[in-house]
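Asks: First the structure, then my questions, so here it is.
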Amino acid sequence: MARDDADRQSWTDPACPVARTVDLVGDRWSLLIIRDAMDGARSFTDFQQRTGIARNILTERLRRLTARGLLAQVGAPSGRRRLYELTEAGRDLFPVIVTLRQWGERHAFEPGERHSVLVDGDGARVPDLLPVAVDGTPLTSDTSSVRRP
């Protein structure tokens, strides 16, 4: 993921992986594009119809996500247009998207309000993703800390 000097200087905490990740994918549209790519969107039209994003903003986000190595452009079978697919780095965001979804299911809806649910291949709801220690005990912000360089 090539970065120019202006981007490096804009990080508020250059040693923090969270700050760098937010710099790469932290805006609303980028995360929704990644989500839709995980759900099978491949073309510009797919992304535009699923998100409702303005064409100029979508063009910029697709360019940025491709330049940053999260999406790759591939040829369409017809050869008339380019399609997008997730790279390994983009696919690695799956647990992040799942965790955001699960947080939203708990906190972004009123009790009883309808919303989509993520299910596995057998139709069962995906269990909550929770960080655990090496010994399997649940981790929280109270039971973990950041080691700075």
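The way I read the labels, and the way they are meant: chains A, B, ... in the order of the structure tokens, residue 1 as the first residue of every chain, and ligand 1 as the first ligand shown, with later ones counted on from there.
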DSSP says alpha helix (DSSP H) for which residues of region 1-105 of chain A? Put them as an NGL selection string?
Replies: :A and (5-10 or 17-25 or 28-38 or 44-51 or 55-67 or 88-91 or 94-105)
Asks: Which residues are near Leu31 (chain A)? Cut-off 8 Å, only C-alpha atoms, ignore same chain within fewer than 5 positions. Put them as a count of residues only.
Replies: 3
Asks: Give me the residues within 12 Å of region 67-83 of chain A as a PyMOL selection string, counting only C-alpha atoms and dropping any in the same chain fewer than 6 places off.
Replies: chain A and resi 1-4+7+20-21+23-25+30-31+33-38+40-47+60-61+89-94
Asks: Deliver the residues from the most recent selection as a file, using N, CA, C and O atoms, as a compact mmCIF listing (two decimals), in the first residue's frame.
Replies:
```txt
# COMPACT_ATOMS: atom_id res chain seq x y z
N MET A 1 0.83 -1.16 0.00
CA MET A 1 0.00 0.00 0.00
C MET A 1 0.88 1.23 0.00
O MET A 1 1.40 1.63 1.03
N ALA A 2 1.04 1.81 -1.13
CA ALA A 2 1.89 2.98 -1.27
C ALA A 2 1.25 4.18 -0.59
O ALA A 2 0.06 4.41 -0.70
N ARG A 3 2.03 4.93 0.12
CA ARG A 3 1.55 6.12 0.82
C ARG A 3 2.46 7.26 0.43
O ARG A 3 3.66 7.11 0.36
N ASP A 4 1.90 8.43 0.21
CA ASP A 4 2.77 9.56 -0.08
C ASP A 4 3.09 10.30 1.22
O ASP A 4 2.49 10.06 2.26
N ASP A 7 0.25 12.02 3.24
CA ASP A 7 -0.56 11.13 4.06
C ASP A 7 0.16 10.78 5.35
O ASP A 7 -0.43 10.76 6.42
N ARG A 20 -3.98 4.33 11.60
CA ARG A 20 -3.67 4.03 10.20
C ARG A 20 -4.83 3.33 9.50
O ARG A 20 -5.12 3.59 8.34
N THR A 21 -5.51 2.44 10.20
CA THR A 21 -6.65 1.75 9.61
C THR A 21 -7.78 2.73 9.31
O THR A 21 -8.38 2.69 8.23
N ASP A 23 -7.46 5.80 8.69
CA ASP A 23 -7.01 6.58 7.55
C ASP A 23 -7.31 5.85 6.24
O ASP A 23 -7.68 6.46 5.25
N LEU A 24 -7.20 4.54 6.25
CA LEU A 24 -7.42 3.75 5.02
C LEU A 24 -8.89 3.50 4.73
O LEU A 24 -9.31 3.57 3.58
N VAL A 25 -9.68 3.18 5.74
CA VAL A 25 -11.06 2.75 5.49
C VAL A 25 -12.08 3.37 6.44
O VAL A 25 -13.21 2.88 6.52
N SER A 30 -16.38 4.11 2.26
CA SER A 30 -15.39 3.06 2.05
C SER A 30 -15.81 1.77 2.74
O SER A 30 -15.72 0.68 2.16
N LEU A 31 -16.29 1.87 3.97
CA LEU A 31 -16.72 0.67 4.68
C LEU A 31 -17.94 0.03 4.03
O LEU A 31 -18.04 -1.19 3.95
N ILE A 33 -18.69 0.19 0.82
CA ILE A 33 -18.21 -0.44 -0.42
C ILE A 33 -17.55 -1.78 -0.10
O ILE A 33 -17.81 -2.78 -0.78
N ILE A 34 -16.73 -1.82 0.93
CA ILE A 34 -16.11 -3.09 1.34
C ILE A 34 -17.19 -4.09 1.73
O ILE A 34 -17.16 -5.26 1.32
N ARG A 35 -18.17 -3.65 2.53
CA ARG A 35 -19.28 -4.53 2.92
C ARG A 35 -19.98 -5.10 1.68
O ARG A 35 -20.24 -6.29 1.59
N ASP A 36 -20.28 -4.23 0.72
CA ASP A 36 -21.00 -4.69 -0.47
C ASP A 36 -20.14 -5.60 -1.34
O ASP A 36 -20.66 -6.54 -1.95
N ALA A 37 -18.84 -5.36 -1.38
CA ALA A 37 -17.95 -6.28 -2.12
C ALA A 37 -17.99 -7.65 -1.46
O ALA A 37 -17.98 -8.67 -2.16
N MET A 38 -18.06 -7.70 -0.14
CA MET A 38 -18.16 -8.97 0.57
C MET A 38 -19.50 -9.65 0.28
O MET A 38 -19.59 -10.87 0.34
N GLY A 40 -20.97 -9.51 -2.63
CA GLY A 40 -21.05 -9.88 -4.03
C GLY A 40 -21.08 -8.76 -5.04
O GLY A 40 -21.12 -9.01 -6.25
N ALA A 41 -21.08 -7.50 -4.61
CA ALA A 41 -21.02 -6.39 -5.58
C ALA A 41 -19.69 -6.43 -6.30
O ALA A 41 -18.65 -6.67 -5.69
N ARG A 42 -19.72 -6.22 -7.61
CA ARG A 42 -18.48 -6.27 -8.39
C ARG A 42 -18.32 -5.08 -9.32
O ARG A 42 -17.22 -4.67 -9.62
N SER A 43 -19.42 -4.54 -9.81
CA SER A 43 -19.33 -3.46 -10.80
C SER A 43 -19.64 -2.11 -10.16
O SER A 43 -20.24 -2.02 -9.09
N PHE A 44 -19.25 -1.06 -10.86
CA PHE A 44 -19.56 0.31 -10.43
C PHE A 44 -21.07 0.43 -10.19
O PHE A 44 -21.50 0.96 -9.17
N THR A 45 -21.86 -0.10 -11.13
CA THR A 45 -23.31 -0.03 -11.02
C THR A 45 -23.81 -0.77 -9.79
O THR A 45 -24.71 -0.29 -9.09
N ASP A 46 -23.25 -1.96 -9.50
CA ASP A 46 -23.63 -2.70 -8.29
C ASP A 46 -23.45 -1.82 -7.05
O ASP A 46 -24.35 -1.71 -6.21
N PHE A 47 -22.27 -1.23 -6.92
CA PHE A 47 -21.97 -0.42 -5.74
C PHE A 47 -22.89 0.80 -5.67
O PHE A 47 -23.40 1.14 -4.61
N GLU A 60 -14.27 8.19 -6.69
CA GLU A 60 -13.11 8.51 -5.85
C GLU A 60 -12.84 7.40 -4.83
O GLU A 60 -11.69 7.02 -4.63
N ARG A 61 -13.86 6.88 -4.19
CA ARG A 61 -13.65 5.83 -3.19
C ARG A 61 -13.13 4.55 -3.84
O ARG A 61 -12.24 3.90 -3.29
N ALA A 89 -6.05 -8.19 1.48
CA ALA A 89 -6.18 -7.16 2.52
C ALA A 89 -7.65 -6.76 2.70
O ALA A 89 -8.11 -6.56 3.82
N GLY A 90 -8.39 -6.66 1.62
CA GLY A 90 -9.81 -6.35 1.71
C GLY A 90 -10.60 -7.46 2.39
O GLY A 90 -11.45 -7.19 3.25
N ARG A 91 -10.30 -8.70 2.03
CA ARG A 91 -10.99 -9.84 2.66
C ARG A 91 -10.66 -9.92 4.15
O ARG A 91 -11.49 -10.36 4.95
N ASP A 92 -9.47 -9.48 4.53
CA ASP A 92 -9.08 -9.50 5.94
C ASP A 92 -9.92 -8.55 6.79
O ASP A 92 -9.88 -8.62 8.02
N LEU A 93 -10.70 -7.67 6.16
CA LEU A 93 -11.58 -6.77 6.90
C LEU A 93 -12.89 -7.46 7.32
O LEU A 93 -13.69 -6.86 8.04
N PHE A 94 -13.11 -8.70 6.91
CA PHE A 94 -14.35 -9.39 7.24
C PHE A 94 -14.67 -9.37 8.74
O PHE A 94 -15.77 -8.98 9.13
```
Asks: What parts of region 14-139 of chain A does DSSP call strand (DSSP E or B)? I'd like the answer as a PyMOL selection string.
Replies: chain A and resi 71-75+82-86+119+125+132+138
Asks: Write the residues of the selection above to a file with C-alpha atoms, as a compact mmCIF listing (two decimals), in the first residue's frame.
Replies:
```
# COMPACT_ATOMS: atom_id res chain seq x y z
CA LEU A 71 -9.80 -3.77 -4.07
CA ALA A 72 -8.37 -4.87 -7.41
CA GLN A 73 -9.77 -4.17 -10.85
CA VAL A 74 -10.31 -7.21 -13.05
CA GLY A 75 -11.68 -7.61 -16.56
CA ARG A 82 -13.82 -3.42 -15.34
CA LEU A 83 -15.03 -5.19 -12.24
CA TYR A 84 -13.77 -4.93 -8.68
CA GLU A 85 -12.83 -7.73 -6.33
CA LEU A 86 -11.51 -7.76 -2.81
CA VAL A 119 -26.06 -15.97 8.99
CA ARG A 125 -26.97 -16.52 13.10
CA VAL A 132 -9.98 -13.60 23.86
CA PRO A 138 -12.61 -12.84 27.22
```
Asks: Find the spatial neighbours of region 100-110 of chain A, counting only C-alpha atoms, within a cut-off of 10 Å - ignore same-chain residues fewer than 2 positions away - and output them as a list in words.
Replies: Leu31, Arg35, Phe94, Pro95, Val96, Ile97, Val98, Gly112, Glu113, Arg114, His115, Ser116, Val117, Leu118, Val126, Pro127, Asp128 and Leu129 of chain A
Asks: Take the residues from that selection and write them out as a CSV table (one decimal), in the first residue's frame, keeping N, CA and C atoms.
Replies:
```
chain,number,residue,atom,x,y,z
A,31,LEU,N,-16.3,1.9,4.0
A,31,LEU,CA,-16.7,0.7,4.7
A,31,LEU,C,-17.9,0.0,4.0
A,35,ARG,N,-18.2,-3.7,2.5
A,35,ARG,CA,-19.3,-4.5,2.9
A,35,ARG,C,-20.0,-5.1,1.7
A,94,PHE,N,-13.1,-8.7,6.9
A,94,PHE,CA,-14.4,-9.4,7.2
A,94,PHE,C,-14.7,-9.4,8.7
A,95,PRO,N,-13.7,-9.7,9.6
A,95,PRO,CA,-14.1,-9.7,11.0
A,95,PRO,C,-14.4,-8.3,11.5
A,96,VAL,N,-13.8,-7.3,10.9
A,96,VAL,CA,-14.1,-5.9,11.3
A,96,VAL,C,-15.5,-5.5,10.9
A,97,ILE,N,-15.9,-5.9,9.7
A,97,ILE,CA,-17.3,-5.6,9.3
A,97,ILE,C,-18.3,-6.4,10.1
A,98,VAL,N,-18.0,-7.7,10.4
A,98,VAL,CA,-18.9,-8.5,11.3
A,98,VAL,C,-19.0,-7.8,12.7
A,112,GLY,N,-36.8,-4.5,19.2
A,112,GLY,CA,-37.9,-5.0,18.3
A,112,GLY,C,-37.8,-4.4,16.9
A,113,GLU,N,-37.0,-3.4,16.6
A,113,GLU,CA,-36.9,-2.8,15.3
A,113,GLU,C,-36.2,-3.9,14.3
A,114,ARG,N,-36.8,-4.0,13.2
A,114,ARG,CA,-36.3,-5.0,12.2
A,114,ARG,C,-35.0,-4.5,11.6
A,115,HIS,N,-34.1,-5.5,11.4
A,115,HIS,CA,-32.8,-5.3,10.7
A,115,HIS,C,-32.3,-6.6,10.1
A,116,SER,N,-31.4,-6.5,9.2
A,116,SER,CA,-30.8,-7.7,8.6
A,116,SER,C,-29.9,-8.4,9.7
A,117,VAL,N,-29.7,-9.7,9.4
A,117,VAL,CA,-28.9,-10.5,10.3
A,117,VAL,C,-27.9,-11.3,9.5
A,118,LEU,N,-26.7,-11.4,10.0
A,118,LEU,CA,-25.7,-12.2,9.3
A,118,LEU,C,-25.8,-13.7,9.7
A,126,VAL,N,-24.7,-15.8,13.0
A,126,VAL,CA,-23.2,-15.9,13.3
A,126,VAL,C,-23.0,-15.4,14.7
A,127,PRO,N,-22.3,-16.2,15.5
A,127,PRO,CA,-22.1,-15.9,16.9
A,127,PRO,C,-21.3,-14.6,17.1
A,128,ASP,N,-21.5,-13.9,18.2
A,128,ASP,CA,-20.8,-12.6,18.4
A,128,ASP,C,-19.2,-12.9,18.4
A,129,LEU,N,-18.5,-12.0,17.7
A,129,LEU,CA,-17.1,-12.1,17.7
A,129,LEU,C,-16.6,-11.3,18.9
```
Asks: Would you work out the distance separating CA of Leu65 (chain A) from CA of Val22 (chain A), expressed in Å to one decimal?
Replies: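 Taking CA of Leu65 (chain A) and CA of Val22 (chain A), their separation equals 12.6 Å.
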